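**Student:** My structure is stored as work_0.txt, with compact mmCIF, C-alpha atoms and all ligand atoms.
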```
# COMPACT_ATOMS: atom_id res chain seq x y z
CA MET A 1 58.21 115.40 130.54
CA LYS A 2 61.06 115.58 133.03
CA LEU A 3 64.46 115.38 131.33
CA GLN A 4 67.46 114.41 133.42
CA PHE A 5 70.36 115.74 131.36
CA GLY A 6 69.64 119.20 129.96
CA LYS A 7 67.31 118.57 127.04
CA PHE A 8 68.22 114.87 126.94
CA GLY A 9 66.87 111.79 128.72
CA GLY A 10 63.21 111.21 129.55
CA GLN A 11 60.87 108.23 129.21
CA PHE A 12 59.55 107.94 125.65
CA VAL A 13 57.73 104.63 126.18
CA PRO A 14 54.12 103.34 126.45
CA PRO A 15 52.29 103.88 129.78
CA GLN A 16 52.73 100.26 131.00
CA VAL A 17 56.48 100.67 130.68
CA VAL A 18 56.36 103.95 132.62
CA THR A 19 54.71 102.12 135.52
CA ALA A 20 57.48 99.51 135.52
CA LEU A 21 60.16 102.23 135.28
CA ASN A 22 58.64 104.08 138.23
CA GLU A 23 58.75 100.93 140.35
CA LEU A 24 62.39 100.50 139.35
CA GLU A 25 63.24 104.10 140.22
CA VAL A 26 61.72 103.86 143.69
CA ALA A 27 63.65 100.64 144.37
CA PHE A 28 66.90 102.16 143.09
CA GLU A 29 66.58 105.34 145.22
CA ASP A 30 65.82 103.19 148.22
CA ALA A 31 68.81 100.86 147.57
CA LYS A 32 71.24 103.78 147.16
CA ASN A 33 70.36 104.95 150.67
CA ASP A 34 70.73 101.52 152.22
CA SER A 35 74.24 100.92 153.56
CA SER A 36 73.76 97.13 153.59
CA PHE A 37 72.98 97.18 149.84
CA LEU A 38 76.10 99.23 149.11
CA GLU A 39 78.20 97.00 151.33
CA GLU A 40 77.01 93.93 149.45
CA PHE A 41 77.70 95.59 146.08
CA ARG A 42 81.24 96.45 147.22
CA TYR A 43 81.75 92.91 148.52
CA TYR A 44 80.96 91.32 145.15
CA LEU A 45 83.03 93.90 143.26
CA LYS A 46 86.01 93.03 145.41
CA ASP A 47 85.80 89.25 145.85
CA TYR A 48 83.94 88.21 142.69
CA VAL A 49 84.91 90.82 140.08
CA GLY A 50 88.43 91.37 141.46
CA ARG A 51 88.33 95.13 142.11
CA PRO A 52 90.01 97.50 142.43
CA SER A 53 91.39 97.14 138.91
CA PRO A 54 94.98 98.41 138.63
CA LEU A 55 95.95 101.78 137.18
CA TYR A 56 98.97 100.74 135.14
CA TYR A 57 101.67 103.12 133.95
CA ALA A 58 102.24 102.12 130.31
CA GLU A 59 105.90 103.05 130.36
CA GLN A 60 106.85 101.35 127.09
CA LEU A 61 104.01 102.92 125.12
CA THR A 62 104.76 106.29 126.73
CA LYS A 63 108.43 106.09 125.71
CA LYS A 64 107.60 104.98 122.21
CA LEU A 65 105.17 107.86 121.65
CA GLY A 66 107.54 110.32 123.29
CA GLY A 67 104.99 112.66 124.89
CA ALA A 68 102.51 112.59 127.78
CA LYS A 69 102.60 109.84 130.45
CA ILE A 70 99.96 107.21 129.69
CA TYR A 71 98.11 105.28 132.39
CA LEU A 72 95.76 102.39 131.59
CA LYS A 73 92.76 101.72 133.84
CA ARG A 74 92.69 97.93 133.65
CA GLU A 75 89.00 97.01 133.40
CA ASP A 76 90.20 94.17 131.14
CA LEU A 77 91.33 92.35 134.28
CA ASN A 78 87.81 92.10 135.72
CA HIS A 79 86.03 88.74 135.86
CA THR A 80 84.53 88.13 132.37
CA GLY A 81 87.08 90.51 130.88
CA ALA A 82 85.40 93.92 130.77
CA HIS A 83 83.68 96.69 132.72
CA LYS A 84 80.19 95.32 131.99
CA ILE A 85 80.20 93.03 135.03
CA ASN A 86 80.18 96.06 137.41
CA ASN A 87 76.74 96.99 136.10
CA THR A 88 75.30 93.48 135.90
CA ILE A 89 76.24 92.74 139.53
CA GLY A 90 74.67 96.03 140.65
CA GLN A 91 71.44 95.52 138.72
CA ILE A 92 71.04 91.90 139.74
CA LEU A 93 71.35 92.88 143.40
CA LEU A 94 68.63 95.43 142.70
CA ALA A 95 66.49 92.73 141.04
CA ARG A 96 66.85 90.45 144.03
CA ARG A 97 65.95 93.30 146.37
CA MET A 98 62.77 93.88 144.33
CA GLY A 99 61.86 90.21 144.70
CA LYS A 100 62.26 89.41 140.98
CA LYS A 101 63.06 85.83 140.00
CA ARG A 102 63.82 86.21 136.31
CA ILE A 103 66.34 88.35 134.45
CA ILE A 104 66.01 89.36 130.83
CA ALA A 105 68.67 91.20 128.85
CA GLU A 106 69.42 92.37 125.33
CA THR A 107 72.78 91.77 123.74
CA GLY A 108 74.59 92.67 120.52
CA ALA A 109 77.80 90.69 120.17
CA GLY A 110 76.96 88.84 123.35
CA GLN A 111 79.27 90.56 125.85
CA HIS A 112 76.43 91.97 127.98
CA GLY A 113 74.54 88.70 127.57
CA VAL A 114 77.51 86.78 128.95
CA ALA A 115 77.94 89.22 131.86
CA SER A 116 74.20 88.95 132.64
CA ALA A 117 74.20 85.15 132.40
CA THR A 118 77.26 85.08 134.69
CA ALA A 119 75.62 87.18 137.40
CA ALA A 120 72.31 85.32 137.05
CA ALA A 121 74.11 81.98 137.48
CA MET A 122 75.83 83.16 140.63
CA PHE A 123 72.59 84.52 142.15
CA GLY A 124 70.54 81.51 141.06
CA MET A 125 68.16 83.42 138.82
CA GLU A 126 66.47 82.41 135.60
CA CYS A 127 67.97 84.33 132.66
CA GLU A 128 66.77 84.90 129.10
CA VAL A 129 68.85 86.89 126.64
CA PHE A 130 67.45 88.44 123.45
CA GLN A 131 69.89 88.67 120.59
CA GLY A 132 69.34 89.62 116.96
CA GLU A 133 69.28 86.46 114.84
CA LEU A 134 72.10 87.78 112.66
CA ASP A 135 74.21 88.39 115.78
CA THR A 136 73.54 84.86 117.11
CA GLN A 137 75.04 83.55 113.87
CA ARG A 138 77.99 85.94 113.90
CA GLN A 139 78.73 85.30 117.59
CA ARG A 140 78.17 81.57 118.00
CA LEU A 141 80.82 81.26 120.70
CA ASN A 142 79.10 83.79 122.97
CA VAL A 143 75.74 82.08 122.42
CA PHE A 144 77.37 78.87 123.57
CA ARG A 145 78.93 80.66 126.58
CA MET A 146 75.56 82.04 127.69
CA GLU A 147 74.01 78.59 127.34
CA MET A 148 76.80 77.02 129.38
CA LEU A 149 76.06 79.55 132.10
CA GLY A 150 72.46 78.35 132.14
CA ALA A 151 70.83 81.17 130.17
CA LYS A 152 68.29 80.81 127.38
CA VAL A 153 69.23 82.72 124.22
CA THR A 154 66.27 83.81 122.09
CA PRO A 155 67.05 85.02 118.55
CA VAL A 156 65.16 88.16 117.52
CA THR A 157 63.97 87.93 113.93
CA GLN A 158 62.39 91.37 113.49
CA GLY A 159 63.88 94.40 111.68
CA THR A 160 67.60 94.24 110.91
CA LYS A 161 67.95 91.26 113.33
CA THR A 162 70.65 93.08 115.31
CA LEU A 163 71.09 94.93 118.62
CA ALA A 164 68.62 97.79 118.04
CA ASP A 165 65.84 95.24 117.44
CA ALA A 166 66.88 93.14 120.43
CA VAL A 167 66.42 96.22 122.68
CA ASP A 168 62.88 96.86 121.36
CA TYR A 169 62.04 93.21 121.79
CA ALA A 170 63.37 93.05 125.35
CA ILE A 171 61.32 96.08 126.42
CA ASN A 172 58.17 94.39 125.05
CA GLU A 173 58.95 91.13 126.81
CA TRP A 174 59.51 93.03 130.05
CA VAL A 175 56.05 94.57 129.99
CA LYS A 176 54.48 91.14 129.43
CA ARG A 177 55.89 89.73 132.66
CA VAL A 178 56.86 92.73 134.75
CA ASP A 179 55.70 91.25 138.07
CA ASP A 180 58.45 88.61 138.25
CA THR A 181 60.93 89.90 135.63
CA PHE A 182 63.77 92.41 135.84
CA TYR A 183 65.14 93.96 132.65
CA LEU A 184 68.93 94.16 133.01
CA LEU A 185 70.04 96.89 130.58
CA GLY A 186 73.63 96.80 129.39
CA SER A 187 74.70 100.40 128.80
CA ALA A 188 74.00 103.95 129.99
CA VAL A 189 71.06 104.22 127.57
CA GLY A 190 67.29 103.74 127.47
CA PRO A 191 64.49 105.48 129.38
CA HIS A 192 65.05 107.01 132.82
CA PRO A 193 66.15 105.69 135.33
CA TYR A 194 68.42 103.27 133.39
CA PRO A 195 71.12 105.78 132.32
CA SER A 196 71.41 106.91 135.94
CA ILE A 197 71.42 103.37 137.33
CA VAL A 198 74.15 102.21 134.95
CA LYS A 199 76.24 105.31 135.71
CA TYR A 200 75.84 104.69 139.43
CA PHE A 201 77.18 101.13 139.15
CA GLN A 202 80.01 102.08 136.76
CA LYS A 203 81.31 105.23 138.46
CA ILE A 204 83.56 103.03 140.60
CA ILE A 205 85.98 103.10 137.62
CA GLY A 206 86.67 106.84 137.94
CA GLU A 207 86.52 106.83 141.73
CA GLU A 208 89.29 104.25 141.87
CA ALA A 209 91.32 105.92 139.12
CA LYS A 210 91.25 109.22 140.99
CA VAL A 211 92.59 107.69 144.21
CA GLN A 212 95.19 105.71 142.24
CA ILE A 213 96.51 108.69 140.25
CA MET A 214 96.77 110.76 143.46
CA GLU A 215 98.88 107.96 144.98
CA LYS A 216 101.13 107.71 141.93
CA GLU A 217 101.37 111.32 140.77
CA GLN A 218 99.95 113.41 143.63
CA ARG A 219 97.81 115.30 141.16
CA MET A 220 94.86 115.10 138.80
CA PRO A 221 95.43 113.85 135.23
CA ASP A 222 95.34 116.31 132.34
CA TYR A 223 93.12 114.03 130.23
CA VAL A 224 90.76 111.12 130.83
CA ILE A 225 89.79 109.21 127.68
CA ALA A 226 87.38 106.34 126.97
CA CYS A 227 85.63 104.74 124.02
CA VAL A 228 81.88 105.35 123.62
CA GLY A 229 79.31 102.84 122.40
CA GLY A 230 76.25 103.39 124.55
CA GLY A 231 78.60 105.19 126.89
CA SER A 232 78.76 103.13 130.11
CA ASN A 233 82.52 102.67 130.49
CA ALA A 234 83.05 106.32 129.53
CA ILE A 235 80.52 107.72 132.01
CA GLY A 236 81.97 105.32 134.59
CA LEU A 237 85.43 106.82 134.14
CA PHE A 238 84.28 110.44 133.71
CA THR A 239 81.79 110.88 136.55
CA ASP A 240 84.16 111.47 139.44
CA PHE A 241 86.37 113.74 137.27
CA ILE A 242 83.58 115.98 135.94
CA LYS A 243 83.86 118.28 138.95
CA GLU A 244 87.64 118.63 138.49
CA LYS A 245 87.57 121.58 136.09
CA GLU A 246 91.20 121.26 134.98
CA VAL A 247 90.73 117.67 133.75
CA LYS A 248 89.95 117.47 130.02
CA MET A 249 87.70 114.61 128.93
CA ILE A 250 87.45 112.87 125.57
CA GLY A 251 85.02 110.20 124.39
CA VAL A 252 86.02 108.25 121.28
CA GLU A 253 83.41 106.73 119.00
CA ALA A 254 83.68 104.46 115.98
CA ALA A 255 84.30 106.07 112.57
CA GLY A 256 84.17 102.61 110.96
CA LYS A 257 85.26 102.83 107.31
CA GLY A 258 85.41 106.63 107.55
CA LEU A 259 83.19 109.62 108.40
CA ASN A 260 82.73 110.29 104.69
CA THR A 261 81.14 106.83 104.18
CA LYS A 262 77.81 105.41 105.42
CA ASP A 263 79.67 102.72 107.35
CA HIS A 264 80.34 104.30 110.74
CA ALA A 265 78.79 104.60 114.20
CA ALA A 266 79.83 108.21 114.92
CA THR A 267 76.64 109.20 116.71
CA MET A 268 77.98 112.30 118.44
CA THR A 269 79.99 113.53 115.47
CA LEU A 270 77.41 113.02 112.72
CA GLY A 271 74.07 112.30 114.46
CA ARG A 272 71.28 114.61 115.50
CA GLU A 273 68.83 114.98 118.37
CA GLY A 274 65.92 112.53 118.41
CA VAL A 275 64.18 109.69 120.23
CA ILE A 276 65.54 106.14 120.21
CA HIS A 277 64.98 103.29 122.69
CA GLY A 278 62.84 105.39 125.01
CA MET A 279 65.23 108.34 125.42
CA ASN A 280 65.77 111.72 123.79
CA THR A 281 69.43 111.79 122.78
CA LYS A 282 71.64 111.99 119.70
CA ALA A 283 71.43 109.23 117.12
CA ILE A 284 71.91 108.48 113.44
CA PHE A 285 68.64 108.86 111.52
CA ASP A 286 67.86 108.68 107.79
CA GLU A 287 65.93 111.38 105.85
CA ASP A 288 62.60 109.79 106.88
CA GLY A 289 63.49 109.97 110.56
CA ASN A 290 64.09 106.24 110.95
CA VAL A 291 67.08 104.98 112.90
CA SER A 292 69.86 104.15 110.43
CA PRO A 293 71.87 100.96 110.54
CA VAL A 294 75.39 101.76 111.75
CA TYR A 295 78.68 99.96 111.33
CA SER A 296 81.93 99.39 113.21
CA ILE A 297 84.48 96.57 113.29
CA SER A 298 83.76 96.67 117.01
CA ALA A 299 80.44 95.09 118.02
CA GLY A 300 80.41 97.01 121.31
CA LEU A 301 80.54 100.40 119.55
CA ASP A 302 78.11 99.44 116.79
CA TYR A 303 75.07 101.24 118.29
CA PRO A 304 73.05 103.98 116.50
CA GLY A 305 72.38 106.03 119.65
CA VAL A 306 74.31 107.11 122.73
CA GLY A 307 73.53 107.64 126.40
CA PRO A 308 71.64 110.93 126.98
CA GLU A 309 74.17 112.24 129.49
CA HIS A 310 76.87 112.13 126.81
CA ALA A 311 74.65 114.17 124.47
CA HIS A 312 74.35 116.70 127.29
CA LEU A 313 78.06 116.70 128.17
CA GLN A 314 78.81 117.39 124.51
CA ASP A 315 76.25 120.21 124.42
CA ILE A 316 77.71 121.98 127.47
CA LYS A 317 81.22 121.34 126.07
CA ARG A 318 82.42 119.51 129.19
CA VAL A 319 83.45 116.45 127.14
CA LYS A 320 84.84 116.41 123.61
CA TYR A 321 83.86 113.56 121.32
CA GLU A 322 86.28 112.35 118.68
CA SER A 323 86.29 109.28 116.46
CA CYS A 324 88.70 106.63 115.16
CA THR A 325 88.37 104.38 112.12
CA ASP A 326 88.54 100.58 112.02
CA GLN A 327 92.04 100.84 110.59
CA GLU A 328 93.26 103.17 113.37
CA ALA A 329 91.72 100.90 116.02
CA VAL A 330 93.34 97.78 114.54
CA ASP A 331 96.71 99.57 114.43
CA ALA A 332 96.30 100.51 118.10
CA PHE A 333 95.23 96.94 118.94
CA LEU A 334 98.46 95.58 117.43
CA GLU A 335 100.63 98.33 118.92
CA LEU A 336 99.47 97.84 122.52
CA SER A 337 99.76 94.06 122.13
CA ARG A 338 103.35 94.31 120.89
CA VAL A 339 104.63 97.15 123.05
CA GLU A 340 102.97 96.38 126.39
CA GLY A 341 102.01 92.70 126.07
CA ILE A 342 98.37 93.62 126.62
CA ILE A 343 95.78 92.61 124.00
CA PRO A 344 93.01 95.21 124.26
CA ALA A 345 89.37 94.80 123.25
CA ILE A 346 88.76 96.30 119.81
CA GLU A 347 86.34 98.74 121.51
CA SER A 348 89.05 99.95 123.91
CA SER A 349 91.48 100.09 120.96
CA HIS A 350 89.51 103.09 119.66
CA ALA A 351 90.41 105.03 122.83
CA ILE A 352 94.03 103.83 122.59
CA ALA A 353 94.14 104.95 118.95
CA HIS A 354 93.14 108.46 119.99
CA VAL A 355 95.78 108.46 122.73
CA MET A 356 98.36 107.49 120.09
CA LYS A 357 97.44 110.65 118.16
CA LEU A 358 97.26 112.92 121.21
CA ALA A 359 100.17 111.86 123.45
CA PRO A 360 103.02 112.82 121.05
CA THR A 361 101.60 116.38 120.82
CA LEU A 362 101.81 116.89 124.60
CA ASP A 363 104.73 117.66 126.93
CA LYS A 364 106.31 114.83 128.92
CA ASP A 365 104.94 116.18 132.21
CA LYS A 366 101.31 115.79 131.07
CA ILE A 367 99.25 112.81 132.25
CA ILE A 368 96.61 110.80 130.35
CA ILE A 369 94.36 108.15 131.87
CA VAL A 370 92.74 105.90 129.27
CA ASN A 371 90.13 103.29 130.08
CA LEU A 372 91.08 99.82 128.90
CA SER A 373 87.43 98.75 129.01
CA GLY A 374 88.05 95.11 128.10
CA ARG A 375 90.46 92.45 126.91
CA GLY A 376 90.84 91.47 123.30
CA ASP A 377 90.83 87.66 123.29
CA LYS A 378 87.30 87.77 121.83
CA ASP A 379 88.52 89.90 118.90
CA VAL A 380 91.49 87.92 117.65
CA GLU A 381 89.51 86.29 114.82
CA ALA A 382 87.97 89.58 113.67
CA ILE A 383 91.40 91.23 113.59
CA GLU A 384 92.80 88.34 111.59
CA ALA A 385 89.93 88.63 109.08
CA PHE A 386 90.49 92.40 108.82
CA LEU A 387 94.21 91.94 108.12
CA ASN A 388 93.58 89.19 105.54
CA GLU A 389 91.02 91.36 103.77
CA LYS A 390 93.58 94.19 103.60
CA GLN A 391 96.19 91.89 102.12
CA MET A 392 93.83 90.83 99.34
CA HIS A 393 93.25 94.44 98.22
C1 LIG B 1 80.31 96.74 125.43
C2 LIG B 1 81.68 97.27 125.44
C3 LIG B 1 81.96 98.64 125.19
C4 LIG B 1 80.92 99.63 124.76
O1 LIG B 1 79.90 99.87 125.70
P1 LIG B 1 79.85 101.20 126.55
O2 LIG B 1 78.51 101.11 127.21
O3 LIG B 1 79.97 102.37 125.63
O4 LIG B 1 80.96 101.15 127.52
C5 LIG B 1 83.26 99.07 125.30
N1 LIG B 1 84.27 98.23 125.61
C6 LIG B 1 84.05 96.92 125.85
C7 LIG B 1 85.21 96.05 126.18
C8 LIG B 1 82.76 96.39 125.77
O5 LIG B 1 82.56 95.08 126.00
```
For the structure just supplied, provide its representation as structure tokens.
Ligand SMILES: *Cc1c(COP(=O)(O)O)cnc(C)c1O

**Tutor:**
Amino acid sequence: MKLQFGKFGGQFVPPQVVTALNELEVAFEDAKNDSSFLEEFRYYLKDYVGRPSPLYYAEQLTKKLGGAKIYLKREDLNHTGAHKINNTIGQILLARRMGKKRIIAETGAGQHGVASATAAAMFGMECEVFQGELDTQRQRLNVFRMEMLGAKVTPVTQGTKTLADAVDYAINEWVKRVDDTFYLLGSAVGPHPYPSIVKYFQKIIGEEAKVQIMEKEQRMPDYVIACVGGGSNAIGLFTDFIKEKEVKMIGVEAAGKGLNTKDHAATMTLGREGVIHGMNTKAIFDEDGNVSPVYSISAGLDYPGVGPEHAHLQDIKRVKYESCTDQEAVDAFLELSRVEGIIPAIESSHAIAHVMKLAPTLDKDKIIIVNLSGRGDKDVEAIEAFLNEKQMH
């Protein structure tokens, strides 16, 4: 089998799915070479999403930490509050180009479901979102949001009733109705060509950041840093910097309650090579080779696998992968809120937490760009619950 990223990637799926993936790949290659498609994508990014997102010099945080200069790439200011909309707009344009009338998507906490429902509403397409039953109960507000946007939310009752099961379910549903249905995948994961498609639609983040840092500092940054769930915001930021050899890159995953507990989602730090969701990558497996349940306070980082390109970038040592605990992320969440007046998503707070460790160890002339992948309004209740829990112990 052809692998796209060193020994990672591939299409570990039944033959019917391979046929559908091949059709998708042909359409994607064709779209990439069509200037009218790219023009339309850029149009919606600008006038609907609100790009380019600012590269903001976090002067107060920089001063407080007393080391490297910190810049925030403000994906939190996008329509719907995160980077995910870049990908959903791109894929829905692809769906329309392929003549599909119906969108299906998987979702964990509901962020990708909301972004998919948003794009589907705007393009007048039918949308069905599969969400683990447990997640539909934990994330009632996002279920309601998707429904307001005209989507149908279908609870998935198999397995652990969470994201990993919703992905399996969505792939099955896709094969049943592949002639009129497009599967809109939410992160840089899954069988080829999805990781490459998602990267293509997210790499705008790094392309903009590069132009913006050249304008502000007339040089490349020393570090670019992003949180890693499936890895879409990270690969989006990293891609245009990979060829700049002097730029160091760090992905930050969720250490949950600690790397020495079972409650973490530190795929790259503690996982091993194996197949999950149609790709060969790194993931957390138990002794029997089954995918293990993972945990993080952050729903967006609570995924047992990771995009295959990240597994490769770790292997070739181009990107370093670190982790932060729930506690460190919550501390960073509160710090950025208080010091800069910006409430970050709890996912993004993991990247900020790492910056808070790193910046003070660097000279003042060093530059860090960190991706603020989303805003934290959605997390306020979870943070409150975390703080109350702490107080009780
Ligand atoms: C979904 C999400 C993530 C994690 O997904 P990636 O594909 O790893 O980027 C990170 N940040 C925010 C704000 C999210 O909504």

**Student:** Write out as an mmCIF file with C-alpha atoms, in the frame of the given file each polymer residue (protein, DNA or RNA) that has an atom no more than 7 Å from ligand LIG 1 (chain B), with only C-alpha atoms and all ligand atoms counted.

**Tutor:**
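Output (selection-v3.cif):
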```
data_model
loop_
_atom_site.group_PDB
_atom_site.id
_atom_site.type_symbol
_atom_site.label_atom_id
_atom_site.label_comp_id
_atom_site.auth_asym_id
_atom_site.auth_seq_id
_atom_site.Cartn_x
_atom_site.Cartn_y
_atom_site.Cartn_z
ATOM 1 C CA ALA A 82 85.400 93.920 130.770
ATOM 2 C CA HIS A 83 83.680 96.690 132.720
ATOM 3 C CA LYS A 84 80.190 95.320 131.990
ATOM 4 C CA GLN A 111 79.270 90.560 125.850
ATOM 5 C CA HIS A 112 76.430 91.970 127.980
ATOM 6 C CA GLY A 186 73.630 96.800 129.390
ATOM 7 C CA SER A 187 74.700 100.400 128.800
ATOM 8 C CA ALA A 188 74.000 103.950 129.990
ATOM 9 C CA CYS A 227 85.630 104.740 124.020
ATOM 10 C CA VAL A 228 81.880 105.350 123.620
ATOM 11 C CA GLY A 229 79.310 102.840 122.400
ATOM 12 C CA GLY A 230 76.250 103.390 124.550
ATOM 13 C CA GLY A 231 78.600 105.190 126.890
ATOM 14 C CA SER A 232 78.760 103.130 130.110
ATOM 15 C CA ASN A 233 82.520 102.670 130.490
ATOM 16 C CA ALA A 234 83.050 106.320 129.530
ATOM 17 C CA GLY A 300 80.410 97.010 121.310
ATOM 18 C CA LEU A 301 80.540 100.400 119.550
ATOM 19 C CA ALA A 345 89.370 94.800 123.250
ATOM 20 C CA GLU A 347 86.340 98.740 121.510
ATOM 21 C CA SER A 348 89.050 99.950 123.910
ATOM 22 C CA SER A 373 87.430 98.750 129.010
ATOM 23 C CA GLY A 374 88.050 95.110 128.100
ATOM 24 C CA ARG A 375 90.460 92.450 126.910
#
```

**Student:** Hey, which of A:Glu246, A:Glu253, A:Asp34, A:Glu133 ends up closest to Asp326 (chain A)? Count all atoms listed in the file.

**Tutor:**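 Result for the nearest residue to Asp326 (chain A): A:Glu253.
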
**Student:** Might you pull out every residue within 8 Å of Lys203 (chain A), with only C-alpha atoms counted and same-chain residues fewer than 5 positions away left off, and present them as a PDB file with C-alpha atoms, in the frame of the given file?

**Tutor:**
```pdb
ATOM      1  CA  ILE A 235      80.520 107.720 132.010  1.00  0.00           C
ATOM      2  CA  GLY A 236      81.970 105.320 134.590  1.00  0.00           C
ATOM      3  CA  LEU A 237      85.430 106.820 134.140  1.00  0.00           C
ATOM      4  CA  PHE A 238      84.280 110.440 133.710  1.00  0.00           C
ATOM      5  CA  THR A 239      81.790 110.880 136.550  1.00  0.00           C
ATOM      6  CA  ASP A 240      84.160 111.470 139.440  1.00  0.00           C
TER       7      ASP A 240
END
```

**Student:** Which neighbours of region 44-50 of chain A fall inside 8 Å, counting only C-alpha atoms, when residues of the same chain fewer than 3 positions from it are skipped, and could you give them as a list in words?

**Tutor:**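 In the requested form, the answer reads Glu40, Phe41, Ser53, Leu77, Asn78, His79, Ile85, Asn86 and Ile89 of chain A.
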
**Student:** Only C-alpha atoms, please: the residues just picked out, written as an mmCIF file, in the frame of the given file.

**Tutor:**
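Output (again-v4.cif):
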```
data_model
loop_
_atom_site.group_PDB
_atom_site.id
_atom_site.type_symbol
_atom_site.label_atom_id
_atom_site.label_comp_id
_atom_site.auth_asym_id
_atom_site.auth_seq_id
_atom_site.Cartn_x
_atom_site.Cartn_y
_atom_site.Cartn_z
ATOM 1 C CA GLU A 40 77.010 93.930 149.450
ATOM 2 C CA PHE A 41 77.700 95.590 146.080
ATOM 3 C CA SER A 53 91.390 97.140 138.910
ATOM 4 C CA LEU A 77 91.330 92.350 134.280
ATOM 5 C CA ASN A 78 87.810 92.100 135.720
ATOM 6 C CA HIS A 79 86.030 88.740 135.860
ATOM 7 C CA ILE A 85 80.200 93.030 135.030
ATOM 8 C CA ASN A 86 80.180 96.060 137.410
ATOM 9 C CA ILE A 89 76.240 92.740 139.530
#
```

**Student:** If you measure from CA of Tyr56 (chain A) to CA of Met122 (chain A), what distance in Å do you get, rounded to one decimal?

**Tutor:**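 Taking CA of Tyr56 (chain A) as the start and CA of Met122 (chain A) as the end point, the length is 29.6 Å.
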
**Student:** Find the residue from A:Asp179, A:Glu217, A:Leu336, A:Lys210 that sits nearest to Glu244 (chain A); use only C-alpha atoms when measuring.

**Tutor:** A:Lys210

**Student:** List as a list in words the residues having at least one atom at most 9 Å from position (66.0, 96.3, 123.7) as given in the file, counting only C-alpha atoms.

**Tutor:** Ala105, Glu106, Thr107, Phe130, Leu163, Ala164, Asp165, Ala166, Val167, Asp168, Tyr169, Ala170, Ile171, Asn172, Leu185, Gly190 and His277 of chain A

**Student:** Env of Tyr295 (chain A): 7 Å cut, atoms = only C-alpha atoms, seq-sep filter 5 positions within chain, self excluded. Answer as a list in words.

**Tutor:**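 Near neighbours after the sequence-gap exclusion: Gly256, Asp263, His264, Ala265 and Asp302 of chain A.
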
**Student:** Point out the residue among A:Val189, A:Lys100, A:Met279, A:Met214 with the least atom-to-atom distance to Lys2 (chain A), counting all atoms listed in the file.

**Tutor:**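 Using all atoms listed in the file, Lys2 (chain A) sits closest to A:Met279.
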
**Student:** Around (71.5, 108.9, 127.5), as given in the file, which residues come within 6 Å? Count all atoms listed in the file and list them as a PyMOL selection string.

**Tutor:** chain A and resi 9+189+195+281+306-309

**Student:** Check the smallest atom-to-atom distance from each of A:Arg96, A:Gly206, A:Glu287, A:Val114 to Gly81 (chain A) using only C-alpha atoms, then report the winner.

**Tutor:**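 Under the stated criterion, the closest residue is A:Val114.
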
**Student:** Please identify all polymer residues within 8 Å of region 59-75 of chain A, counting all atoms listed in the file, omitting same-chain residues fewer than 3 positions from it, and present them as a ChimeraX atom specification.

**Tutor:** /A:53-56,78,81-83,205,209,336,339-340,356,359-374

**Student:** Which residues, written as a PyMOL selection string, have at least one atom at most 9 Å from Ala382 (chain A), with only C-alpha atoms counted and residues fewer than 5 positions away on the same chain left out?

**Tutor:** chain A and resi 297-298+387

**Student:** For CA of Ala299 (chain A) and CA of Gly108 (chain A), determine how far apart the two atoms are, in Å to one decimal place.

**Tutor:**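 Straight-line distance from CA of Ala299 (chain A) to CA of Gly108 (chain A) works out to 6.8 Å.
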
**Student:** Quick one: distance from CA of Ala31 (chain A) to CA of Leu184 (chain A) in Å, one decimal?

**Tutor:**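 Separating CA of Ala31 (chain A) from CA of Leu184 (chain A) is a distance of 16.0 Å.
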
**Student:** So, with only C-alpha atoms as the atoms that count, which of A:Tyr321, A:Phe5, A:Phe201, A:Tyr194 lies closest to Gly90 (chain A)?

**Tutor:** A:Phe201

**Student:** Measuring between only C-alpha atoms, which one of A:Met249, A:Val211, A:Val26, A:Ala115 shows the shortest distance to Val224 (chain A)?

**Tutor:** A:Met249
